[in-house]
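Taking it in order: structure first as structure tokens, then the write-up.
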Amino acid sequence: MIMKNNVGVVLVMTAGLLFTGVAAGAAADAPAELAKKSGCTACHAIDKKLVGPAFTEVAAKYKTQKNADVMLAAKIKKGGSGVWGVIPMPPNSSVTDENMLILAKWVLTQ
């Protein structure tokens, strides 16, 4: 009886760890999916310039700037021009403020 309970506990713990790993993997993919769904990937890629700079370029440029995530979230919302060239980034009013901050933090990790 003790053996069965221990096996049951091990199975429950293993299932919990597997679920946590799947959930963490899904959570890690969530910002990338949010970027795609929000239209960011129409002009930006992770590691190459398209219409706008690569996310890796943005991360490198702002990695030492304090509150870069807040600044980038505001830029996502309002749009901008002149920092990366002559092509302006249009405002993205369809993304919530919370999701803009999630996107900005994700970009900074690239």
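Residue numbering restarts at 1 for every chain of the structure tokens, chains are lettered A, B, ... in their displayed order, and ligands are numbered from 1 as they appear.
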Just want the 12 Å neighbourhood of range 39-56 of chain A, counted on only C-alpha atoms, with same-chain residues fewer than 3 positions away dropped. Output as a ChimeraX atom specification.
/A:31-36,59-63,72,76-77,79-95,100,103-110
Would you mind telling me which residue in A:Val58, A:Ala68, A:Ile102, A:Ala73 lies nearest to Ala30 in chain A when using only C-alpha atoms?
A:Ile102
